[in-house]
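Chemist: Have a peek at entry-v9.cif (mmCIF, C-alpha atoms).
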data_structure
loop_
_atom_site.label_atom_id
_atom_site.label_comp_id
_atom_site.auth_asym_id
_atom_site.auth_seq_id
_atom_site.Cartn_x
_atom_site.Cartn_y
_atom_site.Cartn_z
CA VAL A 290 4.31 3.25 -15.58
CA GLN A 291 1.53 4.80 -13.52
CA LEU A 292 0.03 3.48 -10.29
CA GLN A 293 -3.64 3.91 -9.44
CA ALA A 294 -4.72 3.31 -5.85
CA SER A 295 -8.35 2.56 -5.03
CA GLY A 296 -10.57 0.91 -2.46
CA GLY A 297 -10.56 3.47 0.30
CA GLY A 298 -13.66 4.63 2.09
CA LEU A 299 -15.45 5.06 5.39
CA VAL A 300 -15.60 2.03 7.65
CA GLN A 301 -16.55 1.43 11.26
CA PRO A 302 -13.95 0.32 13.81
CA GLY A 303 -13.39 -3.40 13.53
CA GLY A 304 -14.31 -3.40 9.86
CA SER A 305 -12.31 -4.34 6.79
CA LEU A 306 -11.23 -2.78 3.53
CA ARG A 307 -9.12 -3.98 0.64
CA LEU A 308 -6.99 -1.47 -1.17
CA SER A 309 -5.81 -2.07 -4.71
CA CYS A 310 -2.92 -0.54 -6.60
CA ALA A 311 -3.21 -1.11 -10.33
CA ALA A 312 -0.24 -0.46 -12.57
CA SER A 313 -0.49 0.69 -16.19
CA GLY A 314 2.33 -1.70 -17.06
CA SER A 315 3.89 -4.88 -15.83
CA ILE A 316 4.64 -4.99 -12.11
CA SER A 317 7.01 -7.90 -12.55
CA ASN A 318 9.73 -5.31 -13.14
CA PHE A 319 9.28 -3.87 -9.70
CA ASN A 320 11.75 -5.18 -7.14
CA LEU A 321 9.75 -3.75 -4.29
CA MET A 322 6.17 -2.64 -3.80
CA GLY A 323 4.55 -1.25 -0.72
CA TRP A 324 1.97 0.89 0.97
CA TYR A 325 2.54 4.10 2.90
CA ARG A 326 0.04 6.23 4.74
CA GLN A 327 -0.16 9.80 5.92
CA ALA A 328 -2.52 10.99 8.61
CA PRO A 329 -3.37 14.69 9.02
CA GLY A 330 -0.51 16.54 10.66
CA LYS A 331 1.78 13.52 10.57
CA GLN A 332 4.63 12.35 8.40
CA ARG A 333 4.15 9.69 5.79
CA GLU A 334 4.92 6.27 7.24
CA LEU A 335 5.57 2.84 5.83
CA VAL A 336 2.71 0.40 6.36
CA ALA A 337 3.79 -2.71 4.49
CA VAL A 338 6.37 -3.67 1.90
CA LEU A 339 6.80 -6.69 -0.33
CA THR A 340 9.94 -7.52 -2.27
CA SER A 341 9.87 -9.76 -5.30
CA GLY A 342 10.47 -13.26 -4.00
CA GLY A 343 10.72 -12.06 -0.43
CA ALA A 344 8.62 -12.14 2.70
CA PRO A 345 6.44 -9.14 3.50
CA ASN A 346 7.31 -6.67 6.21
CA TYR A 347 4.82 -4.69 8.23
CA ALA A 348 4.80 -1.75 10.56
CA ASP A 349 4.34 -2.94 14.14
CA SER A 350 1.07 -1.05 14.33
CA VAL A 351 -0.55 -3.18 11.61
CA LYS A 352 1.05 -6.60 12.15
CA GLY A 353 -1.55 -9.32 12.37
CA ARG A 354 -4.25 -7.09 10.90
CA PHE A 355 -3.01 -6.09 7.43
CA THR A 356 -1.84 -8.33 4.60
CA ILE A 357 0.04 -7.15 1.54
CA SER A 358 0.03 -9.16 -1.67
CA ARG A 359 0.64 -8.77 -5.37
CA ASP A 360 -0.76 -10.43 -8.47
CA ASN A 361 1.70 -10.10 -11.32
CA ALA A 362 -0.81 -11.49 -13.81
CA LYS A 363 -3.22 -8.65 -12.99
CA ASN A 364 -0.46 -6.07 -12.50
CA THR A 365 -2.02 -5.21 -9.16
CA MET A 366 -0.94 -5.01 -5.55
CA TYR A 367 -3.34 -5.28 -2.64
CA LEU A 368 -3.57 -4.37 1.00
CA GLN A 369 -6.16 -6.31 2.95
CA MET A 370 -6.95 -4.39 6.12
CA ASN A 371 -8.87 -6.10 8.91
CA SER A 372 -9.80 -5.07 12.43
CA LEU A 373 -9.47 -1.44 11.46
CA LYS A 374 -8.95 1.15 14.16
CA PRO A 375 -9.57 4.91 14.16
CA GLU A 376 -5.80 5.42 14.20
CA ASP A 377 -5.61 3.74 10.80
CA THR A 378 -7.35 6.78 9.33
CA ALA A 379 -5.06 8.26 6.70
CA VAL A 380 -4.46 8.68 3.01
CA TYR A 381 -2.88 5.48 1.75
CA TYR A 382 -0.34 5.59 -1.07
CA CYS A 383 1.06 2.74 -3.07
CA TYR A 384 4.71 2.73 -4.00
CA ALA A 385 6.98 0.76 -6.28
CA TRP A 386 10.71 0.64 -6.89
CA TRP A 387 12.35 -0.47 -10.13
CA SER A 388 15.98 -0.98 -9.34
CA GLN A 389 17.23 -1.34 -12.94
CA LYS A 390 15.89 2.11 -13.75
CA ARG A 391 16.59 3.43 -10.23
CA THR A 392 13.11 4.89 -10.34
CA SER A 393 10.35 5.00 -7.76
CA TYR A 394 6.67 5.31 -8.53
CA TRP A 395 3.81 6.61 -6.40
CA GLY A 396 0.07 6.22 -6.69
CA GLN A 397 -2.21 9.18 -6.09
CA GLY A 398 -3.52 8.08 -2.69
CA THR A 399 -6.83 6.79 -1.43
CA GLN A 400 -8.54 8.00 1.73
CA VAL A 401 -9.32 5.53 4.50
CA THR A 402 -11.49 6.78 7.35
CA VAL A 403 -12.25 4.59 10.33
CA SER A 404 -15.02 6.07 12.42
CA SER A 405 -18.28 5.14 14.08
#
Translate the structure described by the file into structure tokens.

Modeler:
Amino acid sequence: VQLQASGGGLVQPGGSLRLSCAASGSISNFNLMGWYRQAPGKQRELVAVLTSGGAPNYADSVKGRFTISRDNAKNTMYLQMNSLKPEDTAVYYCYAWWSQKRTSYWGQGTQVTVSS
């Protein structure tokens, strides 16, 4: 299974973007899916995670602004990002974990730049 992240771009502070993570196969096998981000000179950090049948969890820095969701029928995960701030600028990566196979999957990353 391959993951393809898309939807990044340049947006002004206060704006919105929706990231998508499309899988080449069924995402119903994934026990956990999430988004990470990495800003220049910083370590990769968890942004949001969603377990199958569970409630989402968010980094404190994005709570109330970002929403993670998944559509099993479309084999796609989303990250709706509102009220974007310059500090949200980073490359965003989607991630999935398949516990039966004990295998993790990463998308290639999509750049989000928040700037006026």

Chemist: Since I can't run it myself right now, could you work out what the PyMOL selection byres ((chain A and resi 299) around 9) selects here and report it as a PyMOL selection string?

Modeler: chain A and resi 297-298+300-301+400-404

Chemist: Out of A:Thr365, A:Asn318, A:Leu373, A:Gly304, which residue has the shortest atom-to-atom distance to A:Arg391 when counting only C-alpha atoms?

Modeler: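 When distances to A:Arg391 are compared using only C-alpha atoms, the smallest one comes from A:Asn318.
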
Chemist: Can you turn the PyMOL selection byres ((chain A and resi 290) around 12) into a concrete residue list for this file, as a ChimeraX atom specification?

Modeler: /A:291-293,311-319,364,384-387,390,392-396

Chemist: Can you pull out the residues contacting A:Ala337? Cut-off 6 Å, using only C-alpha atoms, and skip same-chain residues under 6 positions away; I want them as a PyMOL selection string.

Modeler: chain A and resi 323-324+346-347

Chemist: Rank A:Thr340, A:Gln389, A:Asn361, A:Gln369 by their smallest atom-to-atom distance to A:Arg307, using only C-alpha atoms, and report the top residue only.

Modeler: A:Gln369

Chemist: Quick one: distance from atom CA of A:Val380 to atom CA of A:Cys310 in Å, one decimal?

Modeler: 13.4 Å

Chemist: Ranking A:Leu308, A:Met370, A:Cys383, A:Leu321 by minimum distance to A:Ser350 and counting only C-alpha atoms, which one comes first?

Modeler: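 When distances to A:Ser350 are compared using only C-alpha atoms, the smallest one comes from A:Met370.
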
Chemist: Hey, which of A:Gly353, A:Pro375, A:Gly398, A:Gly343 ends up closest to A:Ser295? Count only C-alpha atoms.

Modeler: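 Answer, going by the shortest atom-to-atom distance: A:Gly398.
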
Chemist: Mind giving me the straight-line distance from atom CA of A:Asn320 to atom CA of A:Ser341 in Å, one decimal?

Modeler: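 Calculated distance between atom CA of A:Asn320 and atom CA of A:Ser341 is 5.3 Å.
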
Chemist: Between A:Asn371, A:Thr378, A:Ser305, A:Thr356, which residue has the minimum interatomic distance to A:Gln327, considering only C-alpha atoms?

Modeler: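 Using only C-alpha atoms, A:Gln327 sits closest to A:Thr378.
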
Chemist: Of the candidates A:Ser372, A:Met322, A:Tyr382, A:Gln397, which one gets nearest to A:Asp360 if we count all atoms listed in the file?

Modeler: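 Using all atoms listed in the file, the shortest distance to A:Asp360 belongs to A:Met322.
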
Chemist: Quick one: distance from atom CA of A:Gly296 to atom CA of A:Arg354 in Å, one decimal?

Modeler: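 Taking atom CA of A:Gly296 and atom CA of A:Arg354, their separation equals 16.8 Å.
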
Chemist: Quick one: everything within 7 Å of A:Leu335, counting only C-alpha atoms, minus sequence neighbours fewer than 6 positions away in the same chain. Send it as a list in words.

Modeler: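 Contacts, in chain order: Trp324, Tyr325, Arg326 and Ala348 of chain A.
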
Chemist: Write out, as a PDB file, in the coordinates of the input, the residues just selected, with C-alpha atoms.

Modeler:
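The result, written out as part_7.pdb:
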ATOM      1  CA  TRP A 324       1.970   0.890   0.970  1.00  0.00           C
ATOM      2  CA  TYR A 325       2.540   4.100   2.900  1.00  0.00           C
ATOM      3  CA  ARG A 326       0.040   6.230   4.740  1.00  0.00           C
ATOM      4  CA  ALA A 348       4.800  -1.750  10.560  1.00  0.00           C
TER       5      ALA A 348
END

Chemist: Taking the structure in the block just given, could you write stretch 368-390 of chain A with N, CA, C and O atoms, as a PDB file, in the first residue's frame?

Modeler:
ATOM      1  N   LEU A 368      -7.006  16.186   6.526  1.00  0.00           N
ATOM      2  CA  LEU A 368      -6.695  17.088   7.624  1.00  0.00           C
ATOM      3  C   LEU A 368      -7.205  18.464   7.223  1.00  0.00           C
ATOM      4  O   LEU A 368      -6.627  19.107   6.332  1.00  0.00           O
ATOM      5  N   GLN A 369      -8.289  18.883   7.838  1.00  0.00           N
ATOM      6  CA  GLN A 369      -8.821  20.216   7.609  1.00  0.00           C
ATOM      7  C   GLN A 369      -8.099  21.166   8.554  1.00  0.00           C
ATOM      8  O   GLN A 369      -8.133  20.972   9.773  1.00  0.00           O
ATOM      9  N   MET A 370      -7.469  22.161   7.987  1.00  0.00           N
ATOM     10  CA  MET A 370      -6.682  23.108   8.780  1.00  0.00           C
ATOM     11  C   MET A 370      -7.281  24.498   8.628  1.00  0.00           C
ATOM     12  O   MET A 370      -7.317  25.046   7.522  1.00  0.00           O
ATOM     13  N   ASN A 371      -7.754  25.036   9.730  1.00  0.00           N
ATOM     14  CA  ASN A 371      -8.343  26.381   9.750  1.00  0.00           C
ATOM     15  C   ASN A 371      -7.516  27.307  10.625  1.00  0.00           C
ATOM     16  O   ASN A 371      -6.699  26.855  11.430  1.00  0.00           O
ATOM     17  N   SER A 372      -7.750  28.582  10.463  1.00  0.00           N
ATOM     18  CA  SER A 372      -7.050  29.594  11.275  1.00  0.00           C
ATOM     19  C   SER A 372      -5.546  29.344  11.284  1.00  0.00           C
ATOM     20  O   SER A 372      -4.887  29.339  12.335  1.00  0.00           O
ATOM     21  N   LEU A 373      -5.001  29.154  10.101  1.00  0.00           N
ATOM     22  CA  LEU A 373      -3.584  28.807   9.998  1.00  0.00           C
ATOM     23  C   LEU A 373      -2.694  29.942  10.463  1.00  0.00           C
ATOM     24  O   LEU A 373      -3.009  31.127  10.292  1.00  0.00           O
ATOM     25  N   LYS A 374      -1.577  29.538  11.063  1.00  0.00           N
ATOM     26  CA  LYS A 374      -0.601  30.491  11.606  1.00  0.00           C
ATOM     27  C   LYS A 374       0.750  30.258  10.925  1.00  0.00           C
ATOM     28  O   LYS A 374       1.018  29.151  10.434  1.00  0.00           O
ATOM     29  N   PRO A 375       1.601  31.264  10.913  1.00  0.00           N
ATOM     30  CA  PRO A 375       2.933  31.062  10.309  1.00  0.00           C
ATOM     31  C   PRO A 375       3.686  29.883  10.914  1.00  0.00           C
ATOM     32  O   PRO A 375       4.435  29.205  10.203  1.00  0.00           O
ATOM     33  N   GLU A 376       3.468  29.610  12.187  1.00  0.00           N
ATOM     34  CA  GLU A 376       4.158  28.494  12.832  1.00  0.00           C
ATOM     35  C   GLU A 376       3.635  27.130  12.396  1.00  0.00           C
ATOM     36  O   GLU A 376       4.202  26.105  12.779  1.00  0.00           O
ATOM     37  N   ASP A 377       2.585  27.108  11.598  1.00  0.00           N
ATOM     38  CA  ASP A 377       2.106  25.851  11.028  1.00  0.00           C
ATOM     39  C   ASP A 377       2.878  25.485   9.758  1.00  0.00           C
ATOM     40  O   ASP A 377       2.680  24.411   9.193  1.00  0.00           O
ATOM     41  N   THR A 378       3.728  26.385   9.313  1.00  0.00           N
ATOM     42  CA  THR A 378       4.524  26.121   8.115  1.00  0.00           C
ATOM     43  C   THR A 378       5.420  24.911   8.328  1.00  0.00           C
ATOM     44  O   THR A 378       6.194  24.855   9.282  1.00  0.00           O
ATOM     45  N   ALA A 379       5.299  23.943   7.438  1.00  0.00           N
ATOM     46  CA  ALA A 379       6.057  22.702   7.560  1.00  0.00           C
ATOM     47  C   ALA A 379       5.720  21.803   6.381  1.00  0.00           C
ATOM     48  O   ALA A 379       4.794  22.091   5.615  1.00  0.00           O
ATOM     49  N   VAL A 380       6.471  20.727   6.267  1.00  0.00           N
ATOM     50  CA  VAL A 380       6.086  19.650   5.370  1.00  0.00           C
ATOM     51  C   VAL A 380       5.221  18.690   6.180  1.00  0.00           C
ATOM     52  O   VAL A 380       5.624  18.261   7.259  1.00  0.00           O
ATOM     53  N   TYR A 381       4.060  18.390   5.648  1.00  0.00           N
ATOM     54  CA  TYR A 381       3.110  17.522   6.337  1.00  0.00           C
ATOM     55  C   TYR A 381       3.147  16.131   5.709  1.00  0.00           C
ATOM     56  O   TYR A 381       3.060  15.989   4.480  1.00  0.00           O
ATOM     57  N   TYR A 382       3.248  15.131   6.579  1.00  0.00           N
ATOM     58  CA  TYR A 382       3.327  13.736   6.143  1.00  0.00           C
ATOM     59  C   TYR A 382       2.144  12.955   6.705  1.00  0.00           C
ATOM     60  O   TYR A 382       1.797  13.110   7.881  1.00  0.00           O
ATOM     61  N   CYS A 383       1.580  12.107   5.881  1.00  0.00           N
ATOM     62  CA  CYS A 383       0.556  11.214   6.409  1.00  0.00           C
ATOM     63  C   CYS A 383       1.200   9.871   6.767  1.00  0.00           C
ATOM     64  O   CYS A 383       2.232   9.488   6.216  1.00  0.00           O
ATOM     65  N   TYR A 384       0.564   9.215   7.698  1.00  0.00           N
ATOM     66  CA  TYR A 384       1.128   8.015   8.305  1.00  0.00           C
ATOM     67  C   TYR A 384       0.003   7.030   8.582  1.00  0.00           C
ATOM     68  O   TYR A 384      -1.129   7.421   8.878  1.00  0.00           O
ATOM     69  N   ALA A 385       0.329   5.763   8.465  1.00  0.00           N
ATOM     70  CA  ALA A 385      -0.654   4.726   8.778  1.00  0.00           C
ATOM     71  C   ALA A 385       0.045   3.533   9.403  1.00  0.00           C
ATOM     72  O   ALA A 385       1.199   3.233   9.076  1.00  0.00           O
ATOM     73  N   TRP A 386      -0.672   2.871  10.279  1.00  0.00           N
ATOM     74  CA  TRP A 386      -0.139   1.689  10.971  1.00  0.00           C
ATOM     75  C   TRP A 386      -1.104   0.526  10.807  1.00  0.00           C
ATOM     76  O   TRP A 386      -2.297   0.648  11.075  1.00  0.00           O
ATOM     77  N   TRP A 387      -0.552  -0.593  10.346  1.00  0.00           N
ATOM     78  CA  TRP A 387      -1.334  -1.818  10.150  1.00  0.00           C
ATOM     79  C   TRP A 387      -0.818  -2.816  11.174  1.00  0.00           C
ATOM     80  O   TRP A 387       0.239  -3.407  10.987  1.00  0.00           O
ATOM     81  N   SER A 388      -1.563  -3.020  12.216  1.00  0.00           N
ATOM     82  CA  SER A 388      -1.033  -3.799  13.327  1.00  0.00           C
ATOM     83  C   SER A 388      -0.856  -5.275  12.979  1.00  0.00           C
ATOM     84  O   SER A 388       0.096  -5.903  13.439  1.00  0.00           O
ATOM     85  N   GLN A 389      -1.752  -5.845  12.160  1.00  0.00           N
ATOM     86  CA  GLN A 389      -1.619  -7.262  11.810  1.00  0.00           C
ATOM     87  C   GLN A 389      -0.304  -7.544  11.101  1.00  0.00           C
ATOM     88  O   GLN A 389       0.307  -8.589  11.300  1.00  0.00           O
ATOM     89  N   LYS A 390       0.107  -6.617  10.277  1.00  0.00           N
ATOM     90  CA  LYS A 390       1.366  -6.778   9.543  1.00  0.00           C
ATOM     91  C   LYS A 390       2.532  -6.132  10.285  1.00  0.00           C
ATOM     92  O   LYS A 390       3.677  -6.233   9.839  1.00  0.00           O
TER      93      LYS A 390
END
